[in-house]
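Take a look at the structure set out below.
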Amino acid sequence: MKLLLLLALTSVLSGAAFGLDNGLMRTPPMGWLAWERFRCDIDCDNDPMNCISERLFTDMADWLVKDGWRDLGYVYVNIDDCWSSMERDKQGRLQADPKRFPSGIHKLARYMHDRGLKLGIYGDMGTLTCGGYPGTPLDKIELDAQTFADWEVDMLKYDGCYSNSSEQEKGYPLMSKALNATGRPIGYSCSWPAYQGGLPPKVNYTQLGEICNLWRNYGDIQDSWDSVLAIADWFFANQDTLAPAAGPGRWNDPDMLVVGDFGLSTDQSRSQMALWAIMAAPLFMSNDLRFISNDARAILQNKVVIAINQDPMGVQGRRIVKEKNGIEVFLRPLSNKASALVFFSRRNDMPYRYQTSLKKLNYTAGSYKLFEVYTNRATLLKDSTDFVVSVNPTGVVMFYVSAPADTNLRHFHSDGKLQGPSSYEGEDNSLPGVFL
Ligand SMILES: *[C@@H]1O[C@H](CO)[C@@H](O)[C@H](O)[C@H]1NC(C)=O
Ligand SMILES: *[C@@H]1O[C@H](CO)[C@@H](O)[C@H](O)[C@H]1NC(C)=O
Ligand SMILES: *[C@@H]1O[C@H](CO)[C@@H](O)[C@H](O)[C@H]1NC(C)=O
Ligand SMILES: *[C@@H]1O[C@H](CO)[C@@H](O)[C@H](O)[C@H]1NC(C)=O
């Protein structure tokens with residue numbers, strides 16, 4: 001299928017299906033989530049900097065503001081498991097652990113709102129959370145939804161440990177209704193499909209899109225390249241089922257970004273960010289913003305990659321080439337007839353020089369501007385012109401490709417702003433270093 005036809009088709013389709021009607025998350029949500037990096041560390045006596053406590057979340061909030069994250073769109077500060085007391089209060093409501101959250105969740109939400117941030121909280125549809133804290137089973141759903149709304153919480157991740165499939169079938173839609181009934185717009189992340197497993201899917205993605213803003217399809221991410229790769233492989237192997245489910249207000253969630261932690265090299269970090277942008281994935285970092293390296297910060301704050309992730313058309317991209325030599329190509333259609341292209345290498349030997357042309361990738365005839373997002377180089381290219389990308393082992397080369405044959409070509413500059421008309425008038429045969 002030709003790309004432009006594909007573009008027209010996908011916009012018709014995404015116009016036809018509606019997301020959860022709470023007006024939220026028209027582009028994938030961005031922010032910070034505690035789980036992968038900080039888990040269920042509750043040892044505040046011996047590990048006060050890293051334990052799950054209000055200090056951890058106010059620290060992260062301060063850095064989101066100070067280091068420019070918030071202004072790039074990373075606005076959610078999300079609590080995961082292990083925040084609550086082991087006991088509900090006298091009225092049966094959930095309450096925060098009094099020692100670790102002495103000010104309470106409502107004050108914490110105010111802290112976020114005062115800084116232009118949002119607070120997310122965690123619950124579980126079973127009798128217990130995965131970490132063994134009080135769950136929110138069917139008979140507690142309305143009460144807990146109201147408690148979260150009373151606390152002015154902005155998002156809920158609703159996990160699925162200790163519940164069975166018939167309870168989930170009732171509980172996930174019921175929580176959606178209960179959140180709506182509070183009158184407070186609360187972003188809703190459902191872990192339901194991660195507990196349904198398997199393809200062909202028992203998962204009804206049409207229904208998920210109607211009741212949840214995002215959903216965890218697959219297992220938890222870990223701080224390793226193996227984990228990132230396994231998740232990406234699963235999502236692209238199942239792209240024909242998953243991609244049509246995504247759109248404004250309803251997103252597949254391959255789980256947190258682990259860029260800035262310990263497990264990924266610089267190339268692998270660029271790969272995770274690039275593939276998550278192609279997938280229109282929520283961008284929740286789980287790292288320590290107090291001590292993050294400049295390298296990791298630059299990748300996570302790359303304005304062009306963020307703009308690709310946040311494209312308003314909200315079409316989830318796909319893998320379009322899977323070569324036997326370990327090179328894969330991914331494409332995401334973007335608004336203004338632009339697109340994002342990622343060349344990824346699974347190889348482990350040396351940078352691989354991959355030769356292709358836009359024509360081979362089924363772009364329609366014309367001249368295109370290609371902006372290489374991690375090196376800020378741009379060039380003009382005819383669809384028929386062969387070019388070579390040099391892709392590092394486990395790394396990517398990623399392009400923002402502007403609309404074809406437009407004399408007023410708008411393109412990204414390194415500050416991420418769209419500009420036009422083009423000031424870069426390269427010749428086909430004078431392509432810059434990285435990709436020739
Ligand atoms: C609740 O649902 C209705 C109808 O779908 C919608 O119009 C309204 O904005 C929703 N309210 C909240 C707070 O999500
Ligand atoms: C799920 O658990 C409930 C008890 O909470 C039980 O009544 C029901 O039979 C269980 N369903 C399945 C499919 O295991
Ligand atoms: C999936 O959910 C949609 C919307 O709720 C519903 O109309 C449809 O019947 C469901 N499909 C199946 C196979 O249950
Ligand atoms: C390009 O289109 C042809 C014909 O429909 C198809 O066989 C091929 O797989 C496509 N290639 C890519 C990279 O999408």
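If you're wondering about the labels, chains in the structure tokens are A, B, ... by order shown, residues count from 1 in each chain, ligands from 1 in order shown.
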| message | I'd like the neighbourhood of region 95-107 of chain A as a ChimeraX atom specification, where a residue qualifies if any of its atoms comes within 7 Å (using only C-alpha atoms), though same-chain residues fewer than 2 positions away should be ignored. | response | /A:53-54,83-85,88-89,93,109-111,151-152
The selected residues should be written to file as a PDB file, in the first residue's frame (atoms: C-alpha atoms).
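For reference, selection28.pdb as written:
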```pdb
ATOM      1  CA  SER A  53       7.565   8.147  50.630  1.00  0.00           C
ATOM      2  CA  GLU A  54       6.239  11.628  49.958  1.00  0.00           C
ATOM      3  CA  TRP A  83       2.017   3.663  49.200  1.00  0.00           C
ATOM      4  CA  SER A  84      -0.868   2.767  51.452  1.00  0.00           C
ATOM      5  CA  SER A  85      -1.320   1.733  55.003  1.00  0.00           C
ATOM      6  CA  ARG A  88      -8.254   1.033  55.725  1.00  0.00           C
ATOM      7  CA  ASP A  89      -9.445   3.897  57.987  1.00  0.00           C
ATOM      8  CA  ARG A  93     -11.341   4.263  53.031  1.00  0.00           C
ATOM      9  CA  ALA A 109      -1.625  16.283  44.920  1.00  0.00           C
ATOM     10  CA  ARG A 110      -1.719  19.978  45.891  1.00  0.00           C
ATOM     11  CA  TYR A 111       2.084  20.030  45.828  1.00  0.00           C
ATOM     12  CA  TRP A 151      -7.750  13.773  47.053  1.00  0.00           C
ATOM     13  CA  GLU A 152      -7.684  15.533  43.649  1.00  0.00           C
TER      14      GLU A 152
END
```
| request: Could you report the residues within 10 Å of ligand 3, using only C-alpha atoms and all ligand atoms, as JSON, numbers by chain? | output: {"A": [173, 201, 202, 203, 204, 205, 206, 207, 208, 209, 210, 211]}
| task | May I have the residues within 8 Å of Arg318 (chain A) as number ranges by chain, using only C-alpha atoms and disregarding those fewer than 5 positions away in the same chain? | result | A: 236, 239, 243, 278-279, 330-332
| request: Using only C-alpha atoms and all ligand atoms, determine which residues fall within 8 Å of ligand 1, then list them as number ranges by chain. | output: A: 20-23, 177, 179-186
Residue selection dump (N, CA and C atoms) as a PDB file, in the first residue's frame:
```
ATOM      1  N   LEU A  20     -12.041   6.794  25.461  1.00  0.00           N
ATOM      2  CA  LEU A  20     -12.761   7.061  26.700  1.00  0.00           C
ATOM      3  C   LEU A  20     -13.108   8.538  26.758  1.00  0.00           C
ATOM      4  N   ASP A  21     -14.337   8.841  27.067  1.00  0.00           N
ATOM      5  CA  ASP A  21     -14.856  10.191  26.930  1.00  0.00           C
ATOM      6  C   ASP A  21     -14.591  11.048  28.167  1.00  0.00           C
ATOM      7  N   ASN A  22     -13.342  11.133  28.585  1.00  0.00           N
ATOM      8  CA  ASN A  22     -13.037  12.036  29.701  1.00  0.00           C
ATOM      9  C   ASN A  22     -12.168  13.203  29.257  1.00  0.00           C
ATOM     10  N   GLY A  23     -11.937  13.308  27.962  1.00  0.00           N
ATOM     11  CA  GLY A  23     -11.207  14.444  27.404  1.00  0.00           C
ATOM     12  C   GLY A  23      -9.708  14.404  27.655  1.00  0.00           C
ATOM     13  N   LYS A 177     -16.580   3.644  35.107  1.00  0.00           N
ATOM     14  CA  LYS A 177     -17.840   4.331  35.433  1.00  0.00           C
ATOM     15  C   LYS A 177     -17.732   5.111  36.731  1.00  0.00           C
ATOM     16  N   LEU A 179     -15.046   6.312  38.213  1.00  0.00           N
ATOM     17  CA  LEU A 179     -14.198   7.502  38.067  1.00  0.00           C
ATOM     18  C   LEU A 179     -15.003   8.604  37.392  1.00  0.00           C
ATOM     19  N   ASN A 180     -15.726   8.245  36.340  1.00  0.00           N
ATOM     20  CA  ASN A 180     -16.543   9.231  35.636  1.00  0.00           C
ATOM     21  C   ASN A 180     -17.569   9.848  36.580  1.00  0.00           C
ATOM     22  N   ALA A 181     -18.172   9.018  37.413  1.00  0.00           N
ATOM     23  CA  ALA A 181     -19.239   9.494  38.307  1.00  0.00           C
ATOM     24  C   ALA A 181     -18.734  10.481  39.357  1.00  0.00           C
ATOM     25  N   THR A 182     -17.432  10.469  39.627  1.00  0.00           N
ATOM     26  CA  THR A 182     -16.913  11.441  40.593  1.00  0.00           C
ATOM     27  C   THR A 182     -16.950  12.850  40.037  1.00  0.00           C
ATOM     28  N   GLY A 183     -17.009  12.972  38.696  1.00  0.00           N
ATOM     29  CA  GLY A 183     -16.997  14.291  38.077  1.00  0.00           C
ATOM     30  C   GLY A 183     -15.596  14.860  37.905  1.00  0.00           C
ATOM     31  N   ARG A 184     -14.595  14.187  38.433  1.00  0.00           N
ATOM     32  CA  ARG A 184     -13.218  14.655  38.261  1.00  0.00           C
ATOM     33  C   ARG A 184     -12.568  13.874  37.113  1.00  0.00           C
ATOM     34  N   PRO A 185     -12.017  14.580  36.115  1.00  0.00           N
ATOM     35  CA  PRO A 185     -11.323  13.852  35.052  1.00  0.00           C
ATOM     36  C   PRO A 185     -10.075  13.173  35.618  1.00  0.00           C
ATOM     37  N   ILE A 186     -10.058  11.847  35.567  1.00  0.00           N
ATOM     38  CA  ILE A 186      -8.944  11.075  36.100  1.00  0.00           C
ATOM     39  C   ILE A 186      -8.485  10.101  35.013  1.00  0.00           C
TER      40      ILE A 186
END
```
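With a cut-off of 12 Å and using only C-alpha atoms and all ligand atoms, the polymer residues contacting ligand 4 are A:Met1, A:Lys2, A:Leu3, A:Leu5, A:Leu6, A:Arg318, A:Arg319, A:Ile320, A:Val321, A:Lys322, A:Glu323, A:Glu328, A:Val329, A:Phe330, A:Leu331, A:Arg332, A:Leu341, A:Phe343, A:Thr356, A:Ser357, A:Leu358, A:Lys359, A:Lys360, A:Leu361, A:Asn362, A:Tyr363, A:Thr364.
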Take the residues from that selection and write them out as a compact mmCIF listing (two decimals), in the first residue's frame, keeping N, CA, C and O atoms.
```
# COMPACT_ATOMS: atom_id res chain seq x y z
N MET A 1 0.84 -1.19 0.00
CA MET A 1 0.00 0.00 0.00
C MET A 1 0.88 1.26 0.00
O MET A 1 1.88 1.32 0.70
N LYS A 2 0.50 2.23 -0.79
CA LYS A 2 1.28 3.47 -0.82
C LYS A 2 1.05 4.25 0.47
O LYS A 2 -0.02 4.22 1.05
N LEU A 3 2.09 4.98 0.85
CA LEU A 3 2.05 5.65 2.14
C LEU A 3 0.89 6.64 2.25
O LEU A 3 0.21 6.69 3.26
N LEU A 5 -1.94 6.73 0.74
CA LEU A 5 -3.20 6.01 0.88
C LEU A 5 -3.36 5.52 2.32
O LEU A 5 -4.41 5.66 2.94
N LEU A 6 -2.25 5.00 2.82
CA LEU A 6 -2.24 4.51 4.19
C LEU A 6 -2.59 5.64 5.16
O LEU A 6 -3.39 5.49 6.08
N ARG A 318 4.42 1.13 12.83
CA ARG A 318 4.60 -0.32 12.62
C ARG A 318 6.01 -0.64 12.15
O ARG A 318 6.70 0.21 11.60
N ARG A 319 6.37 -1.89 12.32
CA ARG A 319 7.58 -2.41 11.67
C ARG A 319 7.21 -2.73 10.23
O ARG A 319 6.26 -3.46 9.98
N ILE A 320 7.98 -2.17 9.28
CA ILE A 320 7.66 -2.40 7.87
C ILE A 320 8.69 -3.27 7.17
O ILE A 320 8.43 -3.75 6.07
N VAL A 321 9.86 -3.43 7.78
CA VAL A 321 10.89 -4.30 7.19
C VAL A 321 11.55 -5.09 8.32
O VAL A 321 11.86 -4.53 9.37
N LYS A 322 11.76 -6.39 8.08
CA LYS A 322 12.48 -7.23 9.03
C LYS A 322 13.46 -8.05 8.20
O LYS A 322 13.07 -9.07 7.63
N GLU A 323 14.68 -7.58 8.10
CA GLU A 323 15.68 -8.25 7.25
C GLU A 323 16.30 -9.42 8.00
O GLU A 323 16.47 -9.38 9.22
N GLU A 328 15.97 -3.82 11.03
CA GLU A 328 14.52 -3.65 10.96
C GLU A 328 14.20 -2.17 10.72
O GLU A 328 14.95 -1.30 11.17
N VAL A 329 13.12 -1.93 10.01
CA VAL A 329 12.72 -0.56 9.72
C VAL A 329 11.30 -0.35 10.25
O VAL A 329 10.43 -1.22 10.07
N PHE A 330 11.09 0.78 10.91
CA PHE A 330 9.80 1.11 11.51
C PHE A 330 9.32 2.44 10.94
O PHE A 330 10.14 3.34 10.72
N LEU A 331 8.02 2.55 10.76
CA LEU A 331 7.47 3.78 10.21
C LEU A 331 6.23 4.20 11.00
O LEU A 331 5.39 3.35 11.33
N ARG A 332 6.16 5.48 11.33
CA ARG A 332 4.94 6.01 11.95
C ARG A 332 4.42 7.18 11.12
O ARG A 332 5.14 8.17 10.95
N LEU A 341 10.79 7.62 10.64
CA LEU A 341 11.41 6.37 10.16
C LEU A 341 12.50 6.00 11.16
O LEU A 341 13.31 6.84 11.55
N PHE A 343 15.55 3.11 11.72
CA PHE A 343 16.35 1.95 11.29
C PHE A 343 17.00 1.39 12.54
O PHE A 343 17.71 2.12 13.25
N THR A 356 19.11 1.57 1.25
CA THR A 356 17.70 1.50 0.83
C THR A 356 17.34 2.80 0.11
O THR A 356 18.22 3.62 -0.17
N SER A 357 16.07 2.98 -0.21
CA SER A 357 15.59 4.26 -0.72
C SER A 357 14.17 4.43 -0.20
O SER A 357 13.53 3.45 0.22
N LEU A 358 13.67 5.63 -0.24
CA LEU A 358 12.30 5.85 0.22
C LEU A 358 11.31 5.11 -0.69
O LEU A 358 10.28 4.62 -0.22
N LYS A 359 11.66 4.98 -1.94
CA LYS A 359 10.81 4.25 -2.86
C LYS A 359 10.68 2.78 -2.42
O LYS A 359 9.58 2.22 -2.43
N LYS A 360 11.83 2.20 -2.03
CA LYS A 360 11.77 0.81 -1.56
C LYS A 360 10.91 0.68 -0.30
O LYS A 360 10.38 -0.39 -0.01
N LEU A 361 10.81 1.77 0.44
CA LEU A 361 9.98 1.77 1.65
C LEU A 361 8.55 2.20 1.33
O LEU A 361 7.76 2.49 2.23
N ASN A 362 8.25 2.25 0.03
CA ASN A 362 6.90 2.55 -0.47
C ASN A 362 6.43 3.98 -0.25
O ASN A 362 5.24 4.25 -0.19
N TYR A 363 7.38 4.92 -0.16
CA TYR A 363 6.98 6.33 -0.16
C TYR A 363 6.56 6.70 -1.59
O TYR A 363 7.12 6.19 -2.55
N THR A 364 5.60 7.61 -1.71
CA THR A 364 5.20 8.06 -3.04
C THR A 364 6.30 8.93 -3.65
O THR A 364 7.12 9.50 -2.92
```
| Residue nearest ligand 2 among A:Lys170, A:Arg37, A:Lys66, A:Arg377 (counting only C-alpha atoms and all ligand atoms) |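 The closest residue to ligand 2 is A:Lys170.
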| task | Enumerate as a ChimeraX atom specification the residues within 8 Å of ligand 2, counting only C-alpha atoms and all ligand atoms. | result | /A:163-167
Write to file, as a CSV table (one decimal), in the first residue's frame, the residues of the selection just made, with N, CA and C atoms.
```csv
chain,number,residue,atom,x,y,z
A,163,SER,N,-6.9,-11.1,41.4
A,163,SER,CA,-8.3,-11.1,40.9
A,163,SER,C,-8.4,-12.1,39.8
A,164,ASN,N,-9.6,-12.6,39.6
A,164,ASN,CA,-9.8,-13.6,38.5
A,164,ASN,C,-10.5,-12.9,37.3
A,165,SER,N,-10.6,-13.7,36.2
A,165,SER,CA,-11.0,-13.1,35.0
A,165,SER,C,-12.5,-12.6,35.0
A,166,SER,N,-13.3,-13.3,35.8
A,166,SER,CA,-14.7,-12.8,35.8
A,166,SER,C,-14.8,-11.5,36.6
A,167,GLU,N,-14.0,-11.4,37.7
A,167,GLU,CA,-14.0,-10.2,38.4
A,167,GLU,C,-13.4,-9.0,37.6
```
| said: Quick check for you: according to DSSP on this backbone, which residues of region 191-233 of chain A are classed as helix (DSSP H, G or I)? Reply as a list in words. | reply: Trp192, Pro193, Ala194, Tyr195, Gln196, Tyr205, Thr206, Gln207, Leu208, Gly209, Glu210, Ile211, Trp225, Asp226, Ser227, Val228, Leu229, Ala230, Ile231, Ala232 and Asp233 of chain A
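The nearest approach to Val315 (chain A) among the residues A:Arg297, A:Arg346, A:His113, A:Arg250, with only C-alpha atoms taken into account, belongs to A:Arg250.
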| said: Please list as a VMD selection string every residue within 9 Å of region 214-223 of chain A, counting only C-alpha atoms and excluding residues in the same chain fewer than 5 positions away. | reply: chain A and resid 25 28 to 29 36 to 37 157 187 to 197 208 to 209 228 231 234 to 235 246 249 to 259 261 to 264 282
| field | Closest of A:Leu128, A:Val77, A:Met175, A:Leu72 to Asp59 (chain A) - atom-to-atom distances counting only C-alpha atoms | value | A:Val77
| query | Using only C-alpha atoms, which residues sit within 6 Å of Phe399 (chain A) once same-chain residues fewer than 2 positions away are excluded, as a list in words? | reply |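 So the residues in contact are Ala340, Leu341, Leu370, Phe371, Glu372, Val373 and Val401 of chain A.
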